[in-house]
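Engineer: Right, I'll just put the structure down here and ask away after.
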Amino acid sequence: APLFLYLAHQAVHAPDQVPPQYYNKYKDQPGWSEQRKVYAGMLTAVDQAIHNLTQVLKENGMWQDTILIGTTDNGGPTDICMIQGSSNGRRRGGKCTVWEGGTTGDAFLTGPALERMYNIQSHRGYADLFHAVDWLPTLAKMTGATPEGKPLDGVSHLEHLQQQGKHNASHPPPRQELFVGYAEYENQWYGPA
């Protein structure tokens with residue numbers, strides 16, 4: 001039977017705190033702000049936790065049937081909205097803005113089951129729109145589950161992932177638009193958080 005394990009790390013969210021063994025790896029990094037050093041330590045703690053999880057799955061003979069997804073719900077807070085040491089690279093803006101740096105987040109799919117069970121090549125990019133609500137229908141299609149209740153907001157990307165993101169006029173990408181909302185808070189407008 002499939003195992004669904006949801007592990008939500010708060011390690012790169014406020015409050016910015018990190019155990020000393022992770023902070024110490026970056027404390028002497030030249031040119032880095034204190035915020036950046038703490039953030040790097042927090043991210044290293046997440047990396048260690050994911051490593052520990054994958055080791056336990058391997059030790060218990062479960063890794064071969066595993067798909068590991070790492071994702072985020074928004075870009076890092078760089079200018080407003082609990083600023084920390086994150087970076088959105090060349091993307092303008094950050095969390096709580098409607099710019100690409102606030103509405104775009106990176107994700108990855110990995111694990112032996114991707115190719116073996118679903119014919120999805122790992123170690124490649126995916127250039128099309130993929131919203132957080134698309135995970136449920138994609139994973140449901142992968143496992144043969146049929147979600148019940150209210151209609152889903154998301155769309156499955158399974159076939160598109162299997163076709164390595166190739167599309168044309170007769171086979172468009174599964175998501176071609178998405179809503180980027182904003183809200184007023186204390187007389188200021190903010191984008192997605």
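Chain labels run A, B, ... following the order of the structure tokens; each chain numbers its residues from 1, and ligands are numbered from 1 in the order shown.
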What residues in range 76-184 of chain A get the DSSP label alpha helix (DSSP H)? Please answer as a list in words.
Structural biologist: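 Filtering range 76-184 of chain A down to alpha helix (DSSP H) leaves Glu100, Gly101, Gly102, Thr103, Ala113, Leu114, Glu115, Arg116, Met117, Tyr118, Trp135, Leu136, Pro137, Thr138, Leu139, Ala140, Lys141, Met142, Thr143, Leu158, Glu159, His160, Leu161 and Gln162 of chain A.
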Engineer: Leaving out Arg175 in chain A and any residue of its chain fewer than 4 positions from it, which residues lie within 12 Å of it when counting only C-alpha atoms, given as a list in words?
Structural biologist: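 The residues satisfying every condition are Ala127, Asp128, Leu129, Phe130, His131, Ala132, Val133, Asp134, Asp153, Gly154, Val155, Ser156, His157, Leu158, His160, Gly165, His167, His171 and Phe179 of chain A.
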Engineer: Residues near range 35-47 of chain A, anyone? I mean within 12 Å using only C-alpha atoms, not counting same-chain ones fewer than 2 positions away, as number ranges by chain.
Structural biologist: A: 7-33, 49-54, 70, 76-78, 82-87
Engineer: Give me, as a PyMOL selection string, all polymer residues having an atom no more than 12 Å from Thr143 in chain A, counting only C-alpha atoms and skipping those fewer than 2 positions away in the same chain.
Structural biologist: chain A and resi 1-4+65-67+113+117-118+136-141+145-147+156+158
Engineer: Please, could you write that set of residues out with all heavy atoms as a short mmCIF file (atom, residue, chain, number, x, y, z; two decimals), in the first residue's frame?
Structural biologist:
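Saved result, again_23.cif, follows:
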```cif
data_model
loop_
_atom_site.label_atom_id
_atom_site.label_comp_id
_atom_site.auth_asym_id
_atom_site.auth_seq_id
_atom_site.Cartn_x
_atom_site.Cartn_y
_atom_site.Cartn_z
N ALA A 1 0.84 -1.18 0.00
CA ALA A 1 0.00 0.00 0.00
C ALA A 1 0.88 1.24 0.00
O ALA A 1 1.92 1.27 0.65
CB ALA A 1 -0.89 -0.01 1.24
N PRO A 2 0.46 2.27 -0.72
CA PRO A 2 1.26 3.51 -0.75
C PRO A 2 1.33 4.17 0.63
O PRO A 2 0.40 4.12 1.41
CB PRO A 2 0.50 4.40 -1.72
CG PRO A 2 -0.43 3.51 -2.47
CD PRO A 2 -0.71 2.35 -1.58
N LEU A 3 2.46 4.76 0.89
CA LEU A 3 2.66 5.55 2.10
C LEU A 3 2.79 7.00 1.68
O LEU A 3 3.61 7.32 0.83
CB LEU A 3 3.93 5.11 2.83
CG LEU A 3 4.44 6.06 3.93
CD1 LEU A 3 3.48 6.07 5.12
CD2 LEU A 3 5.84 5.68 4.36
N PHE A 4 1.98 7.86 2.27
CA PHE A 4 2.11 9.29 2.03
C PHE A 4 2.65 9.91 3.30
O PHE A 4 2.01 9.85 4.35
CB PHE A 4 0.75 9.91 1.68
CG PHE A 4 0.83 11.40 1.45
CD1 PHE A 4 1.37 11.90 0.28
CD2 PHE A 4 0.38 12.28 2.41
CE1 PHE A 4 1.46 13.26 0.06
CE2 PHE A 4 0.46 13.65 2.21
CZ PHE A 4 1.00 14.14 1.03
N ASP A 65 10.70 2.49 -3.71
CA ASP A 65 9.32 2.83 -4.06
C ASP A 65 8.98 4.27 -3.69
O ASP A 65 7.80 4.61 -3.57
CB ASP A 65 8.35 1.89 -3.34
CG ASP A 65 8.53 0.45 -3.80
OD1 ASP A 65 8.85 0.23 -4.98
OD2 ASP A 65 8.35 -0.46 -2.97
N THR A 66 9.99 5.10 -3.52
CA THR A 66 9.78 6.46 -3.02
C THR A 66 9.87 7.52 -4.10
O THR A 66 10.73 7.46 -4.98
CB THR A 66 10.81 6.78 -1.91
OG1 THR A 66 10.57 5.91 -0.81
CG2 THR A 66 10.71 8.22 -1.44
N ILE A 67 8.97 8.49 -4.00
CA ILE A 67 9.06 9.74 -4.75
C ILE A 67 9.18 10.82 -3.69
O ILE A 67 8.34 10.94 -2.81
CB ILE A 67 7.80 9.99 -5.59
CG1 ILE A 67 7.64 8.90 -6.64
CG2 ILE A 67 7.86 11.37 -6.24
CD1 ILE A 67 6.33 8.95 -7.34
N ALA A 113 11.45 5.65 -7.75
CA ALA A 113 10.14 5.29 -8.29
C ALA A 113 9.74 6.16 -9.48
O ALA A 113 8.88 5.77 -10.27
CB ALA A 113 9.07 5.36 -7.20
N MET A 117 8.56 3.39 -11.87
CA MET A 117 7.12 3.17 -11.79
C MET A 117 6.30 4.12 -12.67
O MET A 117 5.18 3.80 -13.06
CB MET A 117 6.66 3.30 -10.34
CG MET A 117 7.25 2.25 -9.43
SD MET A 117 6.93 2.54 -7.67
CE MET A 117 5.17 2.26 -7.58
N TYR A 118 6.86 5.30 -12.99
CA TYR A 118 6.06 6.31 -13.67
C TYR A 118 6.67 6.84 -14.96
O TYR A 118 6.11 7.73 -15.59
CB TYR A 118 5.78 7.49 -12.71
CG TYR A 118 5.04 7.03 -11.49
CD1 TYR A 118 5.70 6.89 -10.28
CD2 TYR A 118 3.69 6.70 -11.56
CE1 TYR A 118 5.02 6.45 -9.15
CE2 TYR A 118 3.01 6.25 -10.44
CZ TYR A 118 3.68 6.13 -9.24
OH TYR A 118 3.03 5.69 -8.13
N LEU A 136 -1.95 17.74 -5.59
CA LEU A 136 -2.95 16.73 -5.24
C LEU A 136 -3.44 15.96 -6.47
O LEU A 136 -3.37 14.73 -6.48
CB LEU A 136 -4.12 17.35 -4.47
CG LEU A 136 -5.27 16.38 -4.14
CD1 LEU A 136 -4.78 15.17 -3.34
CD2 LEU A 136 -6.38 17.10 -3.40
N PRO A 137 -3.92 16.62 -7.53
CA PRO A 137 -4.36 15.82 -8.67
C PRO A 137 -3.23 15.05 -9.35
O PRO A 137 -3.47 13.94 -9.86
CB PRO A 137 -4.98 16.85 -9.63
CG PRO A 137 -4.66 18.18 -9.09
CD PRO A 137 -4.23 18.04 -7.68
N THR A 138 -2.04 15.59 -9.33
CA THR A 138 -0.90 14.87 -9.93
C THR A 138 -0.58 13.61 -9.14
O THR A 138 -0.44 12.51 -9.70
CB THR A 138 0.34 15.79 -10.01
OG1 THR A 138 0.00 16.96 -10.78
CG2 THR A 138 1.52 15.08 -10.65
N LEU A 139 -0.48 13.74 -7.82
CA LEU A 139 -0.20 12.56 -6.98
C LEU A 139 -1.35 11.58 -6.99
O LEU A 139 -1.14 10.35 -6.95
CB LEU A 139 0.14 13.00 -5.56
CG LEU A 139 1.43 13.81 -5.41
CD1 LEU A 139 1.55 14.38 -4.01
CD2 LEU A 139 2.63 12.96 -5.77
N ALA A 140 -2.59 12.07 -7.03
CA ALA A 140 -3.75 11.18 -7.09
C ALA A 140 -3.71 10.34 -8.37
O ALA A 140 -3.94 9.12 -8.33
CB ALA A 140 -5.04 11.99 -7.02
N LYS A 141 -3.39 10.97 -9.48
CA LYS A 141 -3.30 10.23 -10.74
C LYS A 141 -2.17 9.20 -10.69
O LYS A 141 -2.32 8.09 -11.20
CB LYS A 141 -3.09 11.21 -11.90
CG LYS A 141 -3.15 10.56 -13.25
CD LYS A 141 -3.98 11.39 -14.17
CE LYS A 141 -4.22 10.60 -15.44
NZ LYS A 141 -5.16 11.26 -16.30
N ALA A 145 -5.67 7.14 -7.12
CA ALA A 145 -6.70 7.60 -6.19
C ALA A 145 -7.66 8.54 -6.90
O ALA A 145 -7.30 9.20 -7.87
CB ALA A 145 -6.05 8.32 -5.01
N THR A 146 -8.88 8.57 -6.41
CA THR A 146 -9.89 9.49 -6.93
C THR A 146 -10.36 10.38 -5.79
O THR A 146 -11.12 9.93 -4.94
CB THR A 146 -11.09 8.71 -7.51
OG1 THR A 146 -10.61 7.80 -8.50
CG2 THR A 146 -12.11 9.66 -8.13
N PRO A 147 -9.89 11.63 -5.75
CA PRO A 147 -10.34 12.54 -4.69
C PRO A 147 -11.85 12.75 -4.75
O PRO A 147 -12.43 12.87 -5.83
CB PRO A 147 -9.59 13.84 -5.00
CG PRO A 147 -8.43 13.43 -5.84
CD PRO A 147 -8.92 12.25 -6.63
N SER A 156 -3.72 17.78 -13.05
CA SER A 156 -2.64 16.79 -13.02
C SER A 156 -1.59 17.13 -14.08
O SER A 156 -1.92 17.46 -15.22
CB SER A 156 -3.19 15.39 -13.28
OG SER A 156 -2.11 14.48 -13.41
N LEU A 158 0.88 14.73 -14.53
CA LEU A 158 1.55 13.45 -14.70
C LEU A 158 1.92 13.18 -16.16
O LEU A 158 3.08 12.89 -16.45
CB LEU A 158 0.69 12.30 -14.15
CG LEU A 158 1.28 10.90 -14.34
CD1 LEU A 158 2.65 10.79 -13.68
CD2 LEU A 158 0.33 9.84 -13.82
#
```
